[in-house]
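A.B. asks: So here's entry-v1.json, just JSON, C-alpha atoms:
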[["chain", "number", "residue", "atom", "x", "y", "z"],
["U", 1, "MET", "CA", -71.07, -30.96, 9.46],
["U", 2, "SER", "CA", -71.46, -28.16, 11.86],
["U", 3, "GLU", "CA", -69.88, -24.71, 11.56],
["U", 4, "SER", "CA", -67.67, -25.32, 14.59],
["U", 5, "THR", "CA", -65.74, -28.14, 12.90],
["U", 6, "LEU", "CA", -62.03, -27.35, 12.67],
["U", 7, "PHE", "CA", -60.10, -27.86, 9.48],
["U", 8, "ILE", "CA", -57.40, -30.45, 10.01],
["U", 9, "PRO", "CA", -54.83, -30.40, 7.21],
["U", 10, "SER", "CA", -53.67, -33.61, 5.63],
["U", 11, "ARG", "CA", -50.14, -34.84, 6.21],
["U", 12, "ARG", "CA", -49.15, -33.66, 2.73],
["U", 13, "THR", "CA", -50.49, -30.14, 3.35],
["U", 14, "LEU", "CA", -48.83, -30.02, 6.78],
["U", 15, "SER", "CA", -45.50, -31.15, 5.26],
["U", 16, "PHE", "CA", -45.77, -28.44, 2.61],
["U", 17, "ILE", "CA", -46.49, -25.75, 5.22],
["U", 18, "LEU", "CA", -43.54, -26.85, 7.38],
["U", 19, "LEU", "CA", -41.23, -26.96, 4.36],
["U", 20, "ALA", "CA", -42.29, -23.45, 3.31],
["U", 21, "LEU", "CA", -41.74, -22.18, 6.86],
["U", 22, "GLY", "CA", -38.29, -23.80, 7.00],
["U", 23, "LEU", "CA", -37.25, -22.31, 3.66],
["U", 24, "THR", "CA", -38.47, -18.89, 4.77],
["U", 25, "LEU", "CA", -36.40, -19.11, 7.95],
["U", 26, "ILE", "CA", -33.30, -20.21, 6.01],
["U", 27, "ALA", "CA", -33.72, -17.38, 3.47],
["U", 28, "SER", "CA", -34.21, -14.81, 6.26],
["U", 29, "SER", "CA", -31.12, -16.03, 8.09],
["U", 30, "ALA", "CA", -29.03, -15.92, 4.91],
["U", 31, "PHE", "CA", -30.21, -12.38, 4.20],
["U", 32, "PHE", "CA", -29.24, -11.11, 7.64],
["U", 33, "ILE", "CA", -25.87, -12.90, 7.60],
["U", 34, "LEU", "CA", -25.00, -11.49, 4.15],
["U", 35, "ARG", "CA", -26.19, -8.04, 5.21],
["U", 36, "GLU", "CA", -23.93, -8.15, 8.27],
["U", 37, "VAL", "CA", -20.92, -9.25, 6.19],
["U", 38, "THR", "CA", -21.58, -6.41, 3.72],
["U", 39, "LEU", "CA", -21.86, -3.87, 6.53],
["U", 40, "GLN", "CA", -18.61, -5.11, 8.07],
["U", 41, "ASN", "CA", -16.82, -4.94, 4.70],
["U", 42, "ASP", "CA", -18.08, -1.38, 4.17],
["U", 43, "LEU", "CA", -16.77, -0.43, 7.61],
["U", 44, "LEU", "CA", -13.38, -1.92, 6.77],
["U", 45, "ALA", "CA", -13.23, 0.08, 3.54],
["U", 46, "VAL", "CA", -13.58, 3.47, 5.22],
["U", 47, "PRO", "CA", -10.44, 5.60, 4.89],
["U", 48, "VAL", "CA", -8.68, 7.30, 7.76],
["U", 49, "GLN", "CA", -8.30, 11.06, 7.42],
["U", 50, "VAL", "CA", -4.68, 12.07, 7.80],
["U", 51, "SER", "CA", -2.66, 15.18, 7.10],
["U", 52, "PHE", "CA", 1.02, 14.91, 6.29],
["U", 53, "PRO", "CA", 3.21, 16.00, 3.40],
["U", 54, "ALA", "CA", 3.43, 13.53, 0.54],
["U", 55, "PRO", "CA", 6.72, 11.68, 0.84],
["U", 56, "GLU", "CA", 9.54, 12.16, -1.61],
["U", 57, "LEU", "CA", 9.37, 8.99, -3.65],
["U", 58, "THR", "CA", 11.24, 8.19, -6.83],
["U", 59, "LEU", "CA", 11.00, 4.77, -8.48],
["U", 60, "THR", "CA", 11.10, 3.36, -11.99],
["U", 61, "ASP", "CA", 8.03, 2.48, -14.01],
["U", 62, "THR", "CA", 7.52, -0.69, -16.04],
["U", 63, "GLN", "CA", 9.50, 0.88, -18.92],
["U", 64, "SER", "CA", 12.51, 1.49, -16.63],
["U", 65, "VAL", "CA", 11.90, 5.26, -16.65],
["U", 66, "SER", "CA", 12.53, 7.09, -13.37],
["U", 67, "GLN", "CA", 9.35, 8.63, -11.94],
["U", 68, "SER", "CA", 8.90, 10.97, -8.98],
["U", 69, "LEU", "CA", 5.80, 11.56, -6.89],
["U", 70, "GLY", "CA", 6.69, 15.27, -6.80],
["U", 71, "ASP", "CA", 6.09, 15.45, -10.57],
["U", 72, "TYR", "CA", 2.37, 14.97, -9.92],
["U", 73, "ARG", "CA", 1.93, 18.12, -7.80],
["U", 74, "GLY", "CA", -1.26, 19.85, -8.96],
["U", 75, "GLU", "CA", -3.11, 16.55, -9.43],
["U", 76, "VAL", "CA", -5.01, 14.40, -6.98],
["U", 77, "VAL", "CA", -2.96, 11.21, -6.63],
["U", 78, "LEU", "CA", -4.03, 7.87, -5.23],
["U", 79, "VAL", "CA", -0.90, 5.86, -4.43],
["U", 80, "ASN", "CA", -1.83, 2.19, -4.22],
["U", 81, "LEU", "CA", 0.70, -0.25, -2.71],
["U", 82, "TRP", "CA", 0.06, -3.77, -3.97],
["U", 83, "ALA", "CA", 1.50, -7.13, -5.05],
["U", 84, "THR", "CA", 0.46, -9.72, -7.63],
["U", 85, "TRP", "CA", 0.07, -12.45, -4.99],
["U", 86, "CYS", "CA", -2.26, -10.33, -2.80],
["U", 87, "ALA", "CA", -5.92, -11.42, -3.18],
["U", 88, "PRO", "CA", -7.49, -8.11, -2.00],
["U", 89, "CYS", "CA", -5.11, -6.27, -4.35],
["U", 90, "ARG", "CA", -6.37, -8.30, -7.29],
["U", 91, "GLU", "CA", -9.98, -7.77, -6.22],
["U", 92, "GLU", "CA", -9.71, -3.97, -6.08],
["U", 93, "MET", "CA", -7.85, -3.47, -9.39],
["U", 94, "PRO", "CA", -10.95, -3.42, -11.65],
["U", 95, "THR", "CA", -12.54, -0.87, -9.28],
["U", 96, "LEU", "CA", -9.42, 1.29, -9.33],
["U", 97, "GLN", "CA", -9.23, 1.10, -13.13],
["U", 98, "ALA", "CA", -12.89, 2.12, -13.54],
["U", 99, "PHE", "CA", -12.49, 5.02, -11.11],
["U", 100, "TYR", "CA", -9.32, 6.16, -12.91],
["U", 101, "ASP", "CA", -11.07, 6.00, -16.29],
["U", 102, "LYS", "CA", -13.91, 8.14, -14.96],
["U", 103, "HIS", "CA", -11.78, 10.84, -13.29],
["U", 104, "ARG", "CA", -8.41, 11.05, -15.07],
["U", 105, "LYS", "CA", -9.55, 13.97, -17.24],
["U", 106, "ASN", "CA", -10.19, 15.93, -14.02],
["U", 107, "GLY", "CA", -6.58, 15.90, -12.84],
["U", 108, "PHE", "CA", -6.68, 12.54, -11.07],
["U", 109, "VAL", "CA", -4.10, 9.80, -11.32],
["U", 110, "ILE", "CA", -3.51, 6.44, -9.69],
["U", 111, "ILE", "CA", 0.07, 5.39, -9.16],
["U", 112, "ALA", "CA", 0.16, 1.70, -8.37],
["U", 113, "VAL", "CA", 3.43, 0.82, -6.66],
["U", 114, "ASN", "CA", 4.21, -2.87, -6.93],
["U", 115, "ASP", "CA", 5.78, -4.28, -3.80],
["U", 116, "GLY", "CA", 8.67, -6.48, -4.90],
["U", 117, "ASP", "CA", 7.32, -8.69, -7.68],
["U", 118, "PRO", "CA", 9.49, -9.53, -10.71],
["U", 119, "THR", "CA", 8.91, -7.15, -13.64],
["U", 120, "ALA", "CA", 7.65, -9.97, -15.89],
["U", 121, "ASP", "CA", 4.93, -10.83, -13.34],
["U", 122, "VAL", "CA", 3.88, -7.18, -13.07],
["U", 123, "LEU", "CA", 3.68, -6.81, -16.86],
["U", 124, "GLN", "CA", 1.53, -9.94, -17.12],
["U", 125, "PHE", "CA", -0.71, -8.65, -14.31],
["U", 126, "MET", "CA", -1.11, -5.32, -16.13],
["U", 127, "LYS", "CA", -2.10, -7.17, -19.28],
["U", 128, "ASP", "CA", -4.49, -9.54, -17.50],
["U", 129, "TYR", "CA", -6.28, -6.69, -15.71],
["U", 130, "GLU", "CA", -6.01, -4.22, -18.63],
["U", 131, "LEU", "CA", -4.48, -1.57, -16.38],
["U", 132, "THR", "CA", -3.73, 1.80, -17.94],
["U", 133, "PHE", "CA", -2.70, 3.89, -14.93],
["U", 134, "PRO", "CA", 1.00, 4.28, -14.09],
["U", 135, "ILE", "CA", 2.63, 1.33, -12.38],
["U", 136, "TRP", "CA", 5.93, 1.74, -10.59],
["U", 137, "LEU", "CA", 8.25, -1.02, -9.46],
["U", 138, "ASP", "CA", 9.55, -1.16, -5.91],
["U", 139, "PRO", "CA", 11.89, -4.17, -5.66],
["U", 140, "THR", "CA", 13.46, -2.95, -2.40],
["U", 141, "TYR", "CA", 10.22, -1.92, -0.60],
["U", 142, "ILE", "CA", 11.07, 1.78, -0.37],
["U", 143, "ALA", "CA", 7.41, 2.87, -0.67],
["U", 144, "THR", "CA", 6.04, 0.53, 1.96],
["U", 145, "GLU", "CA", 8.84, 0.52, 4.52],
["U", 146, "GLN", "CA", 10.29, 4.03, 4.22],
["U", 147, "SER", "CA", 7.97, 6.43, 2.39],
["U", 148, "PHE", "CA", 4.54, 5.36, 3.66],
["U", 149, "LYS", "CA", 5.68, 3.24, 6.62],
["U", 150, "THR", "CA", 3.28, 0.35, 6.22],
["U", 151, "LEU", "CA", 3.67, -3.37, 5.74],
["U", 152, "ASN", "CA", 0.01, -3.90, 4.83],
["U", 153, "LEU", "CA", -1.10, -4.71, 1.30],
["U", 154, "PRO", "CA", -3.07, -3.27, -0.23],
["U", 155, "SER", "CA", -2.66, 0.17, 1.26],
["U", 156, "SER", "CA", -3.67, 3.37, -0.47],
["U", 157, "PHE", "CA", -2.91, 7.03, 0.17],
["U", 158, "VAL", "CA", -4.69, 9.98, -1.42],
["U", 159, "ILE", "CA", -2.63, 13.11, -1.96],
["U", 160, "ASP", "CA", -4.35, 16.41, -2.72],
["U", 161, "ARG", "CA", -3.27, 18.91, -5.39],
["U", 162, "GLY", "CA", -1.12, 20.78, -2.89],
["U", 163, "GLY", "CA", 0.93, 17.74, -1.96],
["U", 164, "THR", "CA", -0.71, 16.83, 1.35],
["U", 165, "THR", "CA", -1.69, 13.24, 2.04],
["U", 166, "GLN", "CA", -5.35, 13.48, 3.07],
["U", 167, "LEU", "CA", -6.63, 9.89, 3.19],
["U", 168, "MET", "CA", -5.23, 6.45, 3.97],
["U", 169, "TRP", "CA", -6.79, 3.03, 3.40],
["U", 170, "VAL", "CA", -5.52, -0.29, 4.66],
["U", 171, "GLY", "CA", -7.20, -3.11, 2.77],
["U", 172, "GLY", "CA", -9.25, -3.21, -0.38],
["U", 173, "ILE", "CA", -11.13, -0.19, -1.64],
["U", 174, "ASN", "CA", -14.67, -0.31, -3.00],
["U", 175, "ARG", "CA", -16.26, 2.06, -5.51],
["U", 176, "ALA", "CA", -18.67, 3.63, -3.03],
["U", 177, "MET", "CA", -15.85, 4.70, -0.73],
["U", 178, "LEU", "CA", -13.84, 6.11, -3.65],
["U", 179, "GLU", "CA", -16.83, 8.14, -4.82],
["U", 180, "LYS", "CA", -17.66, 9.34, -1.32],
["U", 181, "HIS", "CA", -14.16, 10.30, -0.19],
["U", 182, "VAL", "CA", -11.94, 10.86, -3.25],
["U", 183, "THR", "CA", -14.34, 12.45, -5.73],
["U", 184, "PRO", "CA", -14.81, 15.59, -3.56],
["U", 185, "LEU", "CA", -11.01, 16.10, -3.55],
["U", 186, "ILE", "CA", -10.93, 15.73, -7.33],
["U", 187, "MET", "CA", -13.78, 18.19, -7.80],
["U", 188, "GLU", "CA", -12.28, 20.89, -5.55],
["U", 189, "LYS", "CA", -11.16, 23.94, -7.50],
["U", 190, "GLN", "CA", -7.58, 23.76, -8.60]]
Take the structure I supplied and represent it as structure tokens, if you would.

C.D. replies:
Amino acid sequence: MSESTLFIPSRRTLSFILLALGLTLIASSAFFILREVTLQNDLLAVPVQVSFPAPELTLTDTQSVSQSLGDYRGEVVLVNLWATWCAPCREEMPTLQAFYDKHRKNGFVIIAVNDGDPTADVLQFMKDYELTFPIWLDPTYIATEQSFKTLNLPSSFVIDRGGTTQLMWVGGINRAMLEKHVTPLIMEKQ
């Protein structure tokens, strides 16, 4: 054999090379598709900066005790409007609970306002998700339609210690966005 002889792979080797190339292309495509979906979801989770006085809102909690948003002046409050049937609401609840657990000792509270579900369903939901933050019942949609003027669920509003609504989310919230946008409000001097 001379040195100029080309190596010609066998059919088996050629099949293996083509299979490896195909799998590499599929994996690369999947990576870029998933990356794009993640980037889009992160963009959807970005809050809008707003500035308006927190609405006067009084509802009853799950123990039938009247609660008022004004009673939380001096704390950073995340009001979360949700329903048991809402898939994004269910998805964000563990994130909200973890964030609440981390920051509640720093003057932070989540008030989850349920949008019209029967009390028994809300109590079961609280148990299933092991929720410990305050949950208020809104059977007549006062919070969504009158106080915060939204029909979107979930929707969240962050109120600073002085009673000004600073942030608004429509859609599910992720942990990174909470840390980036809400933690600085919590850590501001009281």

A.B. asks: Do you know which residues are at most 8 Å from stretch 113-119 of chain U counting all atoms listed in the file, after dropping those on the same chain fewer than 4 positions away, and could you put them as a ChimeraX atom specification?

C.D. replies: /U:62,79-84,123,135-141,143-144

A.B. asks: What is the atom CA of U:Pro53-atom CA of U:Ala98 distance in Å, reported with one decimal?

C.D. replies: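 Result for atom CA of U:Pro53 versus atom CA of U:Ala98: 27.2 Å, one decimal.
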
A.B. asks: Using only C-alpha atoms for the distances, tell me which of U:Ile111, U:Ile26, U:Leu14, U:Val158 is nearest to U:Val50.

C.D. replies: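 Looking only at the distances to U:Val50, the closest residue turns out to be U:Val158.
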
A.B. asks: Could you check which of U:Leu131, U:Val109, U:Leu6, U:Ala20 is closest to U:Gly74, using all atoms listed in the file?

C.D. replies: U:Val109

A.B. asks: U:Pro134, U:Pro88, U:Gly22, U:Gly171: which is nearest U:Phe157, counting only C-alpha atoms?

C.D. replies: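 Smallest separation from U:Phe157 among the options: U:Gly171.
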
A.B. asks: Between U:Gln146, U:Thr95, U:Ser66, U:Ser51, which has the minimum distance to U:Gly163 (counting all atoms listed in the file)?

C.D. replies: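 Ranking U:Gln146, U:Thr95, U:Ser66, U:Ser51 by distance to U:Gly163, first place goes to U:Ser51.
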
A.B. asks: What is the distance, in Å and to one decimal place, between atom CA of U:Thr60 and atom CA of U:Leu185?

C.D. replies: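 About the pair atom CA of U:Thr60 and atom CA of U:Leu185: they are 26.9 Å apart.
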
A.B. asks: For U:Met177, which residue out of U:Leu23, U:Val76, U:Val48, U:Ile17 is the nearest one, using all atoms listed in the file?

C.D. replies: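 Once distances to U:Met177 are computed over all atoms listed in the file, the minimum belongs to U:Val48.
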
A.B. asks: To one decimal place, how far is atom CA of U:Gly172 from atom CA of U:Ala87 in Å?

C.D. replies: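 Calculated distance between atom CA of U:Gly172 and atom CA of U:Ala87 is 9.3 Å.
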
A.B. asks: My list of candidates is U:Lys180, U:Arg161, U:Arg175, U:Arg11. Which is closest to U:Pro94 when distances are computed with all atoms listed in the file?

C.D. replies: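 Ranking U:Lys180, U:Arg161, U:Arg175, U:Arg11 by distance to U:Pro94, first place goes to U:Arg175.
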
A.B. asks: Excluding U:Ser68 and its own-chain neighbours fewer than 3 positions away, which residues fall within 7 Å of it when counting only C-alpha atoms? Please give them as a ChimeraX atom specification.

C.D. replies: /U:57-59,71

A.B. asks: Would you write out, as CSV, a table of all residues in stretch 119-184 of chain U that have an atom no more than 9 Å from an atom of stretch 99-108 of chain U, listing for each the closest atom pair and the distance in Å to one decimal, considering only C-alpha atoms and ordering rows by chain and rising residue number?

C.D. replies:
residue,atom,partner,partner_atom,distance
U:Thr132,CA,U:Asp101,CA,8.6
U:Phe133,CA,U:Tyr100,CA,7.3
U:Arg161,CA,U:Gly107,CA,8.7
U:Arg175,CA,U:Phe99,CA,7.4
U:Leu178,CA,U:Phe99,CA,7.7
U:Glu179,CA,U:Phe99,CA,8.3
U:Thr183,CA,U:His103,CA,8.1

A.B. asks: At a cut-off of 9 Å around the point (1.5, 10.8, 7.2) (file coordinates), what residues fall inside when counting all atoms listed in the file? I'd like the answer as a PyMOL selection string.

C.D. replies: chain U and resi 50-55+148-149+164-166+168
